[in-house]
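Next comes upload-v2.tsv, a file with TSV, C-alpha atoms.
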```
chain	number	residue	atom	x	y	z
A	1	MET	CA	75.14	73.68	106.96
A	2	ASN	CA	75.06	75.25	103.52
A	3	PRO	CA	77.06	78.53	103.77
A	4	PHE	CA	74.79	80.13	101.19
A	5	GLU	CA	71.66	79.53	103.28
A	6	LEU	CA	70.47	81.71	106.14
A	7	ASP	CA	69.05	80.09	109.23
A	8	LEU	CA	65.88	81.58	110.68
A	9	ASN	CA	67.71	83.29	113.52
A	10	THR	CA	70.10	85.03	111.13
A	11	LEU	CA	67.26	86.03	108.84
A	12	GLU	CA	65.37	87.51	111.79
A	13	MET	CA	68.42	89.58	112.79
A	14	ILE	CA	68.95	90.90	109.25
A	15	ASN	CA	65.30	91.96	109.17
A	16	ASP	CA	65.93	94.11	112.28
A	17	VAL	CA	69.47	95.43	111.87
A	18	PRO	CA	68.86	98.59	113.98
A	19	GLY	CA	67.54	96.49	116.86
A	20	VAL	CA	70.50	94.11	116.71
A	21	ILE	CA	73.02	96.94	116.60
A	22	MET	CA	71.41	98.91	119.41
A	23	SER	CA	71.26	95.83	121.64
A	24	HIS	CA	75.02	95.37	121.24
A	25	MET	CA	75.89	99.08	121.44
A	26	THR	CA	73.90	99.93	124.57
A	27	PRO	CA	76.38	100.87	127.34
A	28	SER	CA	76.79	97.86	129.65
A	29	VAL	CA	79.60	95.79	131.14
A	30	GLU	CA	79.15	92.94	128.66
A	31	ASN	CA	79.40	95.37	125.73
A	32	ILE	CA	82.74	96.90	126.80
A	33	PRO	CA	84.73	94.84	124.20
A	34	VAL	CA	82.45	96.16	121.47
A	35	PHE	CA	83.16	99.77	122.47
A	36	ILE	CA	86.91	99.18	122.59
A	37	MET	CA	86.94	97.67	119.11
A	38	MET	CA	84.73	100.48	117.81
A	39	ALA	CA	87.33	103.04	118.97
A	40	VAL	CA	90.09	101.09	117.17
A	41	ASN	CA	88.05	101.05	113.95
A	42	ILE	CA	87.36	104.79	114.08
A	43	ILE	CA	91.05	105.60	114.65
A	44	LEU	CA	92.14	103.39	111.74
A	45	GLY	CA	89.41	104.87	109.55
A	46	PHE	CA	90.82	108.36	110.06
A	47	MET	CA	94.37	107.05	109.54
A	48	LEU	CA	93.41	105.92	106.05
A	49	TYR	CA	93.06	109.63	105.23
A	50	THR	CA	95.90	111.08	107.33
A	51	ASN	CA	98.35	108.61	105.80
A	52	VAL	CA	97.13	109.60	102.35
A	53	ALA	CA	97.77	113.26	103.19
A	54	GLU	CA	101.38	112.40	104.11
A	55	VAL	CA	101.96	110.69	100.77
A	56	GLN	CA	100.33	113.55	98.86
A	57	LYS	CA	102.59	116.03	100.62
A	58	ARG	CA	105.68	113.91	99.97
A	59	ASP	CA	105.03	112.88	96.36
A	60	GLY	CA	102.21	115.07	95.10
A	61	LYS	CA	100.34	111.83	94.33
A	62	ASP	CA	97.23	110.17	95.76
A	63	PRO	CA	97.79	106.53	96.81
A	64	TYR	CA	94.25	105.50	95.89
A	65	PRO	CA	92.76	105.48	92.40
A	66	LEU	CA	90.08	108.05	91.67
A	67	PHE	CA	87.41	105.37	91.29
A	68	ILE	CA	87.58	104.24	94.92
A	69	HIS	CA	87.12	107.82	96.11
A	70	CYS	CA	83.97	108.05	93.98
A	71	VAL	CA	82.67	104.75	95.38
A	72	LEU	CA	83.31	105.76	98.99
A	73	ILE	CA	82.09	109.35	98.82
A	74	VAL	CA	78.70	108.01	97.75
A	75	TRP	CA	78.68	105.46	100.58
A	76	ASP	CA	79.69	108.08	103.16
A	77	THR	CA	77.07	110.54	101.91
A	78	LEU	CA	74.28	107.96	101.91
A	79	CYS	CA	75.44	106.70	105.30
A	80	THR	CA	75.23	110.24	106.71
A	81	ILE	CA	71.63	110.52	105.51
A	82	MET	CA	70.81	107.06	106.88
A	83	MET	CA	72.33	107.81	110.29
A	84	TRP	CA	70.23	110.94	110.75
A	85	ILE	CA	67.08	109.11	109.61
A	86	LEU	CA	67.80	106.44	112.24
A	87	ALA	CA	68.66	109.09	114.85
A	88	PHE	CA	65.25	110.72	114.47
A	89	ARG	CA	63.49	107.35	114.29
A	90	TYR	CA	65.13	105.97	117.45
A	91	ASN	CA	65.09	109.05	119.70
A	92	PHE	CA	68.66	110.05	118.89
A	93	PHE	CA	70.26	106.81	120.01
A	94	TRP	CA	73.88	107.76	120.60
A	95	LEU	CA	75.44	105.59	117.84
A	96	TRP	CA	73.28	106.97	115.03
A	97	THR	CA	73.84	110.52	116.27
A	98	LEU	CA	77.62	110.08	116.66
A	99	PHE	CA	78.09	108.73	113.17
A	100	GLY	CA	75.66	111.27	111.77
A	101	ILE	CA	78.24	113.79	112.96
A	102	LEU	CA	81.37	111.80	112.03
A	103	GLU	CA	80.41	110.63	108.55
A	104	PRO	CA	80.45	114.15	107.01
A	105	ILE	CA	84.13	114.34	108.05
A	106	TRP	CA	84.83	111.33	105.82
A	107	VAL	CA	82.73	112.91	103.07
A	108	TRP	CA	84.83	116.07	103.28
A	109	GLY	CA	87.99	113.94	103.19
A	110	GLU	CA	86.78	112.29	99.99
A	111	VAL	CA	85.95	115.68	98.45
A	112	LYS	CA	89.45	116.96	99.15
A	113	ALA	CA	90.98	113.72	97.86
A	114	ILE	CA	89.02	113.93	94.60
A	115	GLN	CA	90.01	117.57	94.14
A	116	ALA	CA	93.69	116.78	94.72
A	117	HIS	CA	93.48	113.75	92.46
A	118	ILE	CA	92.05	115.75	89.59
A	119	LYS	CA	94.79	118.37	89.92
A	120	THR	CA	97.70	115.92	90.08
A	121	ASP	CA	96.71	112.51	88.68
A	122	ARG	CA	93.97	113.04	86.10
A	123	HIS	CA	96.27	112.36	83.12
A	124	GLU	CA	97.57	109.18	84.71
A	125	GLU	CA	94.16	107.59	85.21
A	126	LEU	CA	91.78	109.31	82.82
A	127	GLY	CA	94.08	110.23	79.94
A	128	ARG	CA	93.35	106.95	78.16
A	129	PHE	CA	89.76	108.08	77.65
A	130	VAL	CA	90.69	111.10	75.50
A	131	GLN	CA	92.76	111.42	72.36
A	132	GLY	CA	96.34	112.31	73.16
A	133	GLY	CA	95.92	111.61	76.86
A	134	ASP	CA	95.71	115.31	77.77
A	135	ILE	CA	92.56	115.72	79.82
A	136	THR	CA	91.31	119.00	81.25
A	137	GLU	CA	90.03	119.42	84.80
A	138	LYS	CA	86.54	120.04	83.42
A	139	GLN	CA	86.64	116.76	81.51
A	140	ALA	CA	87.94	114.98	84.61
A	141	TRP	CA	85.04	116.27	86.70
A	142	GLY	CA	82.70	114.91	84.03
A	143	TYR	CA	84.18	111.42	84.46
A	144	VAL	CA	83.93	111.81	88.23
A	145	ALA	CA	80.23	112.59	87.85
A	146	ILE	CA	79.75	109.42	85.80
A	147	MET	CA	81.61	107.28	88.35
A	148	ILE	CA	79.65	108.78	91.23
A	149	THR	CA	76.38	108.09	89.41
A	150	ILE	CA	77.36	104.44	88.87
A	151	ALA	CA	78.41	104.12	92.51
A	152	ALA	CA	75.14	105.68	93.69
A	153	ALA	CA	73.12	103.21	91.61
A	154	PHE	CA	75.12	100.34	93.11
A	155	TRP	CA	74.86	101.39	96.77
A	156	LEU	CA	71.18	102.32	96.53
A	157	SER	CA	70.44	98.93	94.95
A	158	VAL	CA	72.30	97.11	97.73
A	159	SER	CA	70.52	99.25	100.34
A	160	PHE	CA	67.13	98.39	98.83
A	161	ILE	CA	67.93	94.66	98.85
A	162	LEU	CA	68.93	94.84	102.52
A	163	GLY	CA	65.78	96.63	103.61
A	164	GLY	CA	66.54	100.29	103.03
A	165	PHE	CA	67.76	103.05	105.33
A	166	TYR	CA	65.17	102.29	108.03
A	167	ASN	CA	66.76	98.85	108.35
A	168	ALA	CA	70.30	100.33	108.71
A	169	SER	CA	71.15	98.59	105.44
A	170	LEU	CA	74.49	100.32	104.87
A	171	CYS	CA	75.71	99.18	108.28
A	172	VAL	CA	75.57	95.63	106.92
A	173	THR	CA	77.91	96.72	104.10
A	174	TRP	CA	80.27	98.63	106.42
A	175	PRO	CA	83.02	95.97	106.73
A	176	TRP	CA	82.72	95.22	103.03
A	177	THR	CA	83.77	98.80	102.22
A	178	ASN	CA	87.10	98.02	103.87
A	179	PHE	CA	87.43	94.86	101.80
A	180	LEU	CA	87.18	97.00	98.65
A	181	PHE	CA	90.56	98.69	99.10
A	182	PRO	CA	92.95	95.93	97.94
A	183	TRP	CA	90.60	94.67	95.21
A	184	LEU	CA	90.02	98.11	93.65
A	185	CYS	CA	93.55	99.43	94.18
A	186	TRP	CA	96.02	96.62	93.51
A	187	GLU	CA	96.20	97.13	89.75
A	188	HIS	CA	96.64	100.89	90.18
A	189	TRP	CA	99.53	100.32	92.61
A	190	HIS	CA	101.10	97.63	90.42
A	191	THR	CA	100.95	99.79	87.27
A	192	ARG	CA	102.41	102.85	89.00
A	193	ALA	CA	105.21	100.81	90.61
A	194	ALA	CA	106.06	99.16	87.27
A	195	ARG	CA	106.26	102.57	85.61
A	196	THR	CA	108.27	104.39	88.27
A	197	GLY	CA	110.23	101.53	89.85
A	198	THR	CA	109.66	103.16	93.26
A	199	SER	CA	107.00	103.49	95.96
A	200	LEU	CA	105.90	106.84	94.47
A	201	GLY	CA	102.35	107.60	95.58
A	202	ASN	CA	102.40	104.79	98.11
A	203	SER	CA	103.92	103.93	101.48
A	204	MET	CA	104.34	101.13	103.97
A	205	LYS	CA	102.21	103.11	106.44
A	206	VAL	CA	99.29	103.25	104.00
A	207	GLN	CA	99.54	99.53	103.23
A	208	LEU	CA	99.93	98.50	106.87
A	209	THR	CA	96.89	100.56	107.88
A	210	ILE	CA	94.82	98.96	105.12
A	211	PHE	CA	95.95	95.47	106.13
A	212	ILE	CA	95.11	95.99	109.82
A	213	GLN	CA	91.80	97.72	109.07
A	214	ILE	CA	90.69	94.89	106.78
A	215	THR	CA	91.76	92.19	109.20
A	216	ILE	CA	89.92	93.67	112.17
A	217	SER	CA	86.85	93.99	109.98
A	218	TRP	CA	86.29	90.23	109.84
A	219	LEU	CA	88.18	88.46	112.63
A	220	PRO	CA	85.92	86.99	115.35
A	221	GLY	CA	85.76	89.23	118.39
A	222	THR	CA	86.17	92.48	116.47
A	223	TRP	CA	83.71	95.37	116.25
A	224	PHE	CA	81.65	94.55	113.17
A	225	VAL	CA	81.29	90.88	114.12
A	226	LEU	CA	80.41	91.68	117.74
A	227	MET	CA	77.96	94.42	116.75
A	228	MET	CA	76.32	92.43	113.93
A	229	PRO	CA	76.47	88.70	114.84
A	230	PHE	CA	74.68	87.74	111.63
A	231	LEU	CA	77.99	88.39	109.81
A	232	GLN	CA	79.37	85.21	111.35
A	233	ASN	CA	79.10	82.95	108.34
A	234	PRO	CA	81.64	81.15	106.11
A	235	VAL	CA	81.18	83.49	103.13
A	236	PHE	CA	81.97	86.61	105.18
A	237	TYR	CA	85.05	85.02	106.73
A	238	LEU	CA	86.26	83.69	103.38
A	239	VAL	CA	85.98	87.08	101.65
A	240	GLY	CA	87.59	88.78	104.65
A	241	PHE	CA	90.51	86.36	104.70
A	242	ALA	CA	91.04	86.70	100.94
A	243	SER	CA	90.99	90.50	101.25
A	244	SER	CA	93.55	90.42	104.07
A	245	ALA	CA	95.74	88.07	102.03
A	246	LEU	CA	95.71	90.40	99.02
A	247	ALA	CA	96.38	93.39	101.30
A	248	PHE	CA	99.40	91.54	102.73
A	249	VAL	CA	100.71	90.79	99.23
A	250	ASN	CA	100.40	94.50	98.38
A	251	LEU	CA	102.19	95.36	101.62
A	252	MET	CA	105.12	93.08	100.79
A	253	LYS	CA	105.40	94.47	97.26
A	254	VAL	CA	105.58	98.06	98.51
A	255	ARG	CA	108.11	97.01	101.15
A	256	LYS	CA	110.51	95.89	98.40
A	257	LEU	CA	110.27	99.14	96.44
A	258	PRO	CA	112.85	101.91	96.88
A	259	ALA	CA	111.63	105.28	98.11
A	260	PRO	CA	110.94	107.90	95.40
A	261	GLU	CA	113.38	110.71	94.74
A	262	PRO	CA	112.58	113.91	96.66
A	263	LYS	CA	110.48	116.42	94.76
A	264	ALA	CA	112.55	119.03	92.99
A	265	GLU	CA	111.38	121.84	95.26
A	266	ALA	CA	112.23	119.78	98.35
A	267	ALA	CA	115.67	118.92	97.01
A	268	ALA	CA	116.41	122.58	96.37
A	269	GLU	CA	115.82	123.56	100.00
```

When written as structure tokens, how does the structure in this file appear?
Amino acid sequence: MNPFELDLNTLEMINDVPGVIMSHMTPSVENIPVFIMMAVNIILGFMLYTNVAEVQKRDGKDPYPLFIHCVLIVWDTLCTIMMWILAFRYNFFWLWTLFGILEPIWVWGEVKAIQAHIKTDRHEELGRFVQGGDITEKQAWGYVAIMITIAAAFWLSVSFILGGFYNASLCVTWPWTNFLFPWLCWEHWHTRAARTGTSLGNSMKVQLTIFIQITISWLPGTWFVLMMPFLQNPVFYLVGFASSALAFVNLMKVRKLPAPEPKAEAAAE
């Protein structure tokens, strides 16, 4: 079988993503494993933000680059809209309604992350775009607006290709958003570590959470694969494995770095 070709059964499922998801998320004995894995995914999804908060409190630095926050805030916002559209369309099926409520929490988390990033890290990431490297908060928000616009154009284009919101298009991209973390962040982490010689703005807990979250996004028998069987193809597994491998490399690099020195105010206490 050519991994780049879709068989008719897979094509039929992709043309009715809401139907496929609802059939696998309807409460029943055979769907119990799907519900268990969904709970694990939700917990890890929140941990991605709680672990970030710990690092910000410790170092005053955001582990993730500003760009990934802009990419994900757009996805979370569009996903919120899509979930409520599907909730109304399918008589408030519990999954659409639940994530219509949960997704704004992730949106708020991204808002707070972007705000903190602009206050603490704007010179580090955006300074190269202005003469002298001294960038104001107003200028930083302008770059954020540009990045959000680019991200919106990307996600809306992908959604259109996959059939739009009525076809639960962003659900198809859900595991792929987890794959983004190591690919969009590794250079940021490498550059910061090379400059500081420590794990400043990073932690083993952050890296371990990313590695586990990515791995359970593509392994057979996990939530996304059980809920959307059409993902079971060589390309999906190959990208998932490569993403886990890069996440593991990042994990090992952070593990070898010494912890940063305590902040001055903490040392004075």

Query raised in the report: Which protein, DNA or RNA residues have an atom at most 10 Å from (92.2, 102.0, 112.9), counting all atoms listed in the file? List them as an MDAnalysis selection string.
Result: chainID A and resid 37:48 209:210 212:214 216

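Residues surrounding Phe99 (chain A) within 9 Å are Cys79, Thr80, Met83, Trp84, Trp94 and Pro104 of chain A [all atoms listed in the file; sequence separation below 5 positions excluded].
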
Can I get the selection written as a CSV table (one decimal), in the frame of the given file, with C-alpha atoms?
```
chain,number,residue,atom,x,y,z
A,79,CYS,CA,75.4,106.7,105.3
A,80,THR,CA,75.2,110.2,106.7
A,83,MET,CA,72.3,107.8,110.3
A,84,TRP,CA,70.2,110.9,110.8
A,94,TRP,CA,73.9,107.8,120.6
A,104,PRO,CA,80.4,114.2,107.0
```

Query raised in the report: How would you write as a ChimeraX atom specification the residues that get within 12 Å of (66.6, 95.0, 111.3) in the file's frame, counting only C-alpha atoms?
Result: /A:9-23,86,162-172,228,230

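Restricting the calculation to only C-alpha atoms, the smallest distance between Met25 (chain A) and any of A:Phe224, A:Leu66, A:Thr149, A:Ala247 is found for A:Phe224.
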
Each side padded by 6 Å, which centre and which edge lengths in Å (one decimal) define the axis-aligned box around the listed atoms of region 211-219 of chain A? Give them as lines of an AutoDock Vina configuration file.
```
center_x = 91.1
center_y = 93.1
center_z = 109.4
size_x = 21.7
size_y = 21.3
size_z = 18.5
```

Report summary line: Of A:Ile146, A:Ile73, A:Val225, A:Ile81, the one sitting nearest Val34 (chain A) when using all atoms listed in the file is A:Val225

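The space separating CA of Arg122 (chain A) from CA of Asp62 (chain A) comes to 10.6 Å.
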
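Considering all atoms listed in the file, the residue among A:Thr222, A:Ser243, A:Gln115, A:Thr26 positioned nearest to Glu137 (chain A) is A:Gln115.
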
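When the distance limit is 9 Å and all atoms listed in the file are what count, the residues near region 173-188 of chain A, minus those fewer than 6 positions from it on the same chain, are Pro63, Tyr64, Pro65, Phe67, Ile68, Leu72, Trp75, Glu125, Val158, Ser159, Ile210, Phe211, Gln213, Ile214, Thr215, Ser217, Trp218, Phe224, Phe236, Val239, Gly240, Ala242, Ser243, Ser244, Leu246, Ala247 and Asn250 of chain A.
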
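The interatomic distance for the pair CA of Leu95 (chain A) and CA of Leu78 (chain A) works out to 16.1 Å.
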
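The spacing separating CA of Val254 (chain A) from CA of Gln207 (chain A) amounts to 7.8 Å.
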